[in-house]
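*Asks:* Here you go, this is final_36.tsv (TSV, C-alpha atoms and all ligand atoms).
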chain	number	residue	atom	x	y	z
C	1	MET	CA	60.88	71.71	20.11
C	2	ASN	CA	63.61	70.92	17.62
C	3	ASP	CA	62.81	73.64	15.12
C	4	LYS	CA	66.26	74.93	14.20
C	5	ALA	CA	64.74	78.34	13.54
C	6	ALA	CA	63.56	78.66	17.14
C	7	ILE	CA	66.04	80.56	19.28
C	8	ARG	CA	66.45	78.50	22.43
C	9	VAL	CA	69.81	79.70	23.75
C	10	GLY	CA	70.95	83.28	24.24
C	11	ILE	CA	74.69	83.91	24.13
C	12	LEU	CA	75.80	87.17	25.72
C	13	MET	CA	79.29	88.63	25.97
C	14	GLY	CA	80.57	91.77	27.59
C	15	SER	CA	82.55	92.94	24.59
C	16	GLU	CA	83.10	92.20	20.92
C	17	SER	CA	86.65	91.28	21.95
C	18	ASP	CA	85.16	88.12	23.54
C	19	TRP	CA	83.67	86.86	20.26
C	20	PRO	CA	86.73	84.98	18.87
C	21	THR	CA	86.43	82.72	21.93
C	22	VAL	CA	82.65	82.77	22.35
C	23	GLN	CA	82.01	81.91	18.71
C	24	HIS	CA	82.83	78.33	19.73
C	25	THR	CA	79.66	78.31	21.84
C	26	ALA	CA	77.60	79.25	18.80
C	27	LEU	CA	79.43	76.79	16.54
C	28	THR	CA	78.84	73.94	18.99
C	29	LEU	CA	75.14	74.76	19.32
C	30	ASP	CA	74.89	75.00	15.52
C	31	GLU	CA	76.51	71.57	15.21
C	32	LEU	CA	73.85	70.12	17.51
C	33	GLY	CA	71.02	71.89	15.73
C	34	VAL	CA	70.10	74.26	18.53
C	35	GLY	CA	68.87	77.72	17.53
C	36	ASN	CA	70.87	80.46	19.20
C	37	GLU	CA	71.48	84.18	19.13
C	38	ALA	CA	74.62	86.07	20.15
C	39	ARG	CA	74.77	89.65	21.42
C	40	VAL	CA	77.17	92.03	23.09
C	41	LEU	CA	75.60	93.26	26.34
C	42	SER	CA	77.66	94.53	29.22
C	43	ALA	CA	76.75	94.53	32.91
C	44	HIS	CA	78.72	97.76	33.20
C	45	ARG	CA	78.43	99.54	29.87
C	46	SER	CA	74.81	98.68	29.03
C	47	PRO	CA	73.26	97.61	32.36
C	48	ASP	CA	69.64	98.50	31.52
C	49	ALA	CA	69.68	96.61	28.21
C	50	ALA	CA	71.30	93.60	29.89
C	51	GLY	CA	68.58	93.54	32.54
C	52	GLU	CA	65.81	93.88	29.97
C	53	TYR	CA	67.27	91.05	27.89
C	54	ALA	CA	67.16	88.73	30.89
C	55	GLN	CA	63.70	89.85	32.01
C	56	THR	CA	62.16	89.13	28.59
C	57	ALA	CA	64.20	86.01	27.73
C	58	ALA	CA	61.74	83.39	28.98
C	59	GLU	CA	58.72	84.95	27.26
C	60	ARG	CA	60.73	85.03	24.02
C	61	GLY	CA	61.22	81.27	24.28
C	62	LEU	CA	64.82	81.14	25.46
C	63	GLN	CA	65.60	78.16	27.67
C	64	VAL	CA	69.22	78.78	28.68
C	65	ILE	CA	71.36	81.92	28.72
C	66	ILE	CA	75.14	81.70	28.36
C	67	CYS	CA	77.22	84.70	29.45
C	68	ALA	CA	80.89	85.36	28.76
C	69	ALA	CA	82.82	88.17	30.41
C	70	GLY	CA	86.33	89.03	31.46
C	71	GLY	CA	87.93	90.97	34.29
C	72	ALA	CA	85.52	91.72	37.14
C	73	ALA	CA	83.02	89.55	35.30
C	74	HIS	CA	79.55	90.37	36.62
C	75	LEU	CA	77.52	89.67	33.50
C	76	ALA	CA	76.37	86.14	34.29
C	77	GLY	CA	75.42	87.06	37.85
C	78	VAL	CA	73.49	90.15	36.79
C	79	ILE	CA	71.65	88.22	34.08
C	80	SER	CA	70.79	85.43	36.52
C	81	ALA	CA	69.44	88.02	38.97
C	82	HIS	CA	66.87	89.02	36.35
C	83	THR	CA	65.61	85.59	35.22
C	84	HIS	CA	64.66	82.15	36.49
C	85	LEU	CA	66.26	80.51	33.43
C	86	PRO	CA	69.49	78.53	33.85
C	87	VAL	CA	72.47	80.86	33.37
C	88	LEU	CA	75.90	79.50	32.45
C	89	GLY	CA	79.04	81.60	32.75
C	90	ILE	CA	82.23	81.52	30.68
C	91	PRO	CA	85.19	83.35	32.21
C	92	MET	CA	87.25	85.17	29.58
C	93	LYS	CA	91.01	85.58	29.68
C	94	GLY	CA	91.69	89.18	30.60
C	95	TRP	CA	94.61	91.56	30.52
C	96	SER	CA	96.43	90.68	33.74
C	97	THR	CA	95.58	87.37	35.42
C	98	ASP	CA	94.87	84.99	32.50
C	99	GLY	CA	91.19	84.74	33.37
C	100	LEU	CA	91.52	83.86	37.04
C	101	ASP	CA	89.82	87.15	37.96
C	102	ALA	CA	86.86	86.34	35.69
C	103	LEU	CA	86.70	82.73	36.91
C	104	LEU	CA	86.35	83.83	40.51
C	105	SER	CA	83.96	86.68	39.68
C	106	THR	CA	81.73	84.31	37.72
C	107	ALA	CA	81.88	81.33	40.07
C	108	GLN	CA	81.72	82.95	43.48
C	109	MET	CA	78.05	83.90	43.46
C	110	PRO	CA	76.50	84.46	46.87
C	111	ALA	CA	73.76	81.93	47.72
C	112	GLY	CA	70.38	82.52	46.11
C	113	ILE	CA	71.29	83.45	42.54
C	114	PRO	CA	72.99	80.58	40.68
C	115	VAL	CA	75.50	80.71	37.84
C	116	GLY	CA	76.83	77.46	36.41
C	117	THR	CA	80.46	78.31	35.73
C	118	LEU	CA	82.54	76.64	33.03
C	119	ALA	CA	86.27	76.65	32.34
C	120	ILE	CA	88.20	79.74	31.26
C	121	GLY	CA	88.27	80.42	27.52
C	122	LYS	CA	87.61	78.14	24.56
C	123	ALA	CA	87.06	74.95	26.57
C	124	GLY	CA	84.45	76.76	28.65
C	125	ALA	CA	82.84	78.19	25.54
C	126	LYS	CA	82.37	74.73	24.03
C	127	ASN	CA	81.31	73.13	27.29
C	128	ALA	CA	78.74	75.86	28.00
C	129	ALA	CA	77.03	74.87	24.78
C	130	LEU	CA	77.19	71.18	25.67
C	131	LEU	CA	75.86	71.77	29.17
C	132	ALA	CA	73.00	73.84	27.75
C	133	VAL	CA	72.24	70.94	25.41
C	134	ALA	CA	72.37	68.46	28.30
C	135	ILE	CA	69.88	70.60	30.26
C	136	MET	CA	67.49	70.92	27.33
C	137	SER	CA	67.88	67.22	26.51
C	138	LEU	CA	66.04	66.35	29.71
C	139	SER	CA	62.78	67.41	28.06
C	140	ASP	CA	63.68	66.90	24.39
C	141	PRO	CA	64.35	63.29	23.32
C	142	GLU	CA	65.41	64.26	19.77
C	143	LEU	CA	68.03	66.65	21.08
C	144	ARG	CA	69.16	63.99	23.55
C	145	ASP	CA	69.70	61.58	20.66
C	146	ARG	CA	71.79	64.15	18.78
C	147	TYR	CA	73.81	64.85	21.92
C	148	LEU	CA	74.43	61.14	22.51
C	149	ALA	CA	75.56	60.77	18.86
C	150	PHE	CA	77.92	63.72	19.32
C	151	ARG	CA	79.41	62.13	22.43
C	152	LYS	CA	79.73	58.73	20.72
C	153	ALA	CA	81.54	60.25	17.72
C	154	GLN	CA	83.89	62.07	20.08
C	155	THR	CA	84.71	58.84	21.89
C	156	GLU	CA	85.32	57.03	18.62
C	157	ARG	CA	87.72	59.76	17.48
C	158	VAL	CA	89.69	59.40	20.71
C	159	LEU	CA	89.87	55.62	20.43
C	160	ALA	CA	90.99	55.85	16.78
C	161	THR	CA	93.94	58.09	17.65
C	162	GLU	CA	97.21	56.89	16.17
C	163	LEU	CA	100.25	58.53	17.68
C	164	PRO	CA	103.30	59.43	15.58
C	165	PRO	CA	106.51	57.61	16.46
C	166	ALA	CA	108.20	58.83	19.60
C	167	GLY	CA	110.76	61.49	18.80
C	168	THR	CA	108.80	62.95	15.88
C	169	ALA	CA	106.12	64.85	17.77
L	201	LIG	C1	84.55	92.64	29.82
L	201	LIG	O1	85.77	93.27	29.79
L	201	LIG	C2	84.39	91.95	28.51
L	201	LIG	O2	83.64	90.78	28.68
L	201	LIG	C3	85.81	91.64	28.07
L	201	LIG	O3	86.17	90.31	28.36
L	201	LIG	C4	86.64	92.59	28.91
L	201	LIG	C5	87.41	93.59	28.08
L	201	LIG	O4	86.53	94.29	27.26
L	201	LIG	P1	87.08	95.29	26.16
L	201	LIG	O5	87.88	96.31	26.90
L	201	LIG	O6	87.89	94.47	25.19
L	201	LIG	O7	85.85	95.88	25.51
L	201	LIG	O8	83.51	93.53	30.03
I need this file expressed as structure tokens, please.
*Replies:*
Amino acid sequence: MNDKAAIRVGILMGSESDWPTVQHTALTLDELGVGNEARVLSAHRSPDAAGEYAQTAAERGLQVIICAAGGAAHLAGVISAHTHLPVLGIPMKGWSTDGLDALLSTAQMPAGIPVGTLAIGKAGAKNAALLAVAIMSLSDPELRDRYLAFRKAQTERVLATELPPAGTA
């Protein structure tokens, strides 16, 4: 289960312009030793390919799909409509409302087709990876141990913080 070569998480984004943010999903999964693949697939511009990706994801061994999109962000919902796998959505900052449009489009799924929605932008990109890891950790003790070590190191970094003198920050 922990073969780094095995692709377990699919990362989709609506446009190459999302990649500077979404790369943090891939980097976080890499850090935790989780095989992943990233692709541009749009719910609007390549709807058939997006549907096919979702329909064949489980048989290809994917366990979680992460979708990033901006504007009227339908990608995560469309992908979830085509698979039983957990689908996590990352709203991207857009061109007019700082990502609020994408947040609502991603989060406000009608009942029956779930999308787990993370924060807008880089924080959401990192947390989507961590939530995918938490989900997969339920059935993978080695991954759970790596995730717990990651969380412990993060806590230790916070507790070791030394602030500069007031007035110099
Ligand atoms: C969405 O529209 C993409 O996910 C992106 O966030 C946004 C803008 O796309 P581009 O016009 O930069 O291709 O589909």
*Asks:* Kindly provide, as a PyMOL selection string, all nucleotide and amino acid residues lying within 10 Å of ligand LIG 201 (chain L), counting all atoms listed in the file.
*Replies:* chain C and resi 12-19+21+40-45+67-75+90-95+99+102
*Asks:* For a test of reading the model, state the distance in Å between atom CA of C:Ser80 and atom CA of C:Gly121, rounded to one decimal.
*Replies:*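 Calculated distance between atom CA of C:Ser80 and atom CA of C:Gly121 is 20.3 Å.
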*Asks:* For stretch 140-146 of chain C, I'd like the enclosing box, axis-aligned and padded by 5 Å on every side, reported as AutoDock Vina command-line options with centre and edge lengths in Å to one decimal.
*Replies:*
--center_x 67.7 --center_y 64.2 --center_z 21.6 --size_x 18.1 --size_y 15.3 --size_z 15.6
*Asks:* Give the answer as one residue: which of C:Ile79, C:Arg144, C:Gly10, C:Gly89 has the shortest atom-to-atom distance to C:Glu52, using only C-alpha atoms?
*Replies:*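 That would be C:Ile79, the residue with the smallest distance to C:Glu52.
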*Asks:* Between atom CA of C:Ile65 and atom CA of C:Lys152, measure the distance and give it in Å to one decimal.
*Replies:*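 Separation of atom CA of C:Ile65 and atom CA of C:Lys152: 25.9 Å.
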*Asks:* For C:Thr28, which residue out of C:Val158, C:Leu148, C:Leu62, C:Leu131 is the nearest one, using all atoms listed in the file?
*Replies:*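 Looking at the shortest contact to C:Thr28, the residue is C:Leu131.
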*Asks:* Between atom CA of C:Leu32 and atom CA of C:Ala125, measure the distance and give it in Å to one decimal.
*Replies:*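 A separation of 14.5 Å between them.
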*Asks:* When distances are computed from all atoms listed in the file, which of C:Ala169, C:Ala149, C:Val87, C:Met109 shows the smallest separation from C:Ala132?
*Replies:*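 Smallest distance to C:Ala132 is found for C:Val87.
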*Asks:* Would you please work out which residue, of C:Pro86, C:Ala123, C:Ser96, C:Ile11, is nearest to C:Tyr53 when using only C-alpha atoms?
*Replies:*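 Between C:Pro86, C:Ala123, C:Ser96, C:Ile11, the residue approaching C:Tyr53 most closely is C:Ile11.
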*Asks:* Compile the contact shell of C:Ala54 as a ChimeraX atom specification: residues with an atom at most 7 Å away, counting all atoms listed in the file, same-chain residues fewer than 3 positions apart removed.
*Replies:* /C:50-51,57,79,82-83
*Asks:* Could you write those residues out with C-alpha atoms, as a PDB file, in the frame of the given file?
*Replies:*
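Okay, out13.pdb is ready:
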ATOM      1  CA  ALA C  50      71.300  93.600  29.890  1.00  0.00           C
ATOM      2  CA  GLY C  51      68.580  93.540  32.540  1.00  0.00           C
ATOM      3  CA  ALA C  57      64.200  86.010  27.730  1.00  0.00           C
ATOM      4  CA  ILE C  79      71.650  88.220  34.080  1.00  0.00           C
ATOM      5  CA  HIS C  82      66.870  89.020  36.350  1.00  0.00           C
ATOM      6  CA  THR C  83      65.610  85.590  35.220  1.00  0.00           C
TER       7      THR C  83
END
*Asks:* Pick out the closest residue to C:Pro20 from this set: C:Ile135, C:Asp145, C:Val34, C:Lys122. Count only C-alpha atoms.
*Replies:* C:Lys122
*Asks:* Taking the point (76.3, 73.3, 24.9) as given in the file, collect each protein or nucleic acid residue that comes within 10 Å of it, counting all atoms listed in the file, and present the set as a list in words.
*Replies:*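 Residues with an atom close enough to that point: Val9, His24, Thr25, Ala26, Leu27, Thr28, Leu29, Asp30, Glu31, Leu32, Val34, Val64, Ile66, Leu88, Gly124, Ala125, Lys126, Asn127, Ala128, Ala129, Leu130, Leu131, Ala132, Val133, Ala134, Ile135, Met136 and Tyr147 of chain C.
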*Asks:* Of the candidates C:Arg8, C:Arg157, C:Arg146, C:Arg151, which one gets nearest to C:Leu85 if we count only C-alpha atoms?
*Replies:*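 The shortest atom-to-atom distance to C:Leu85 comes from C:Arg8.
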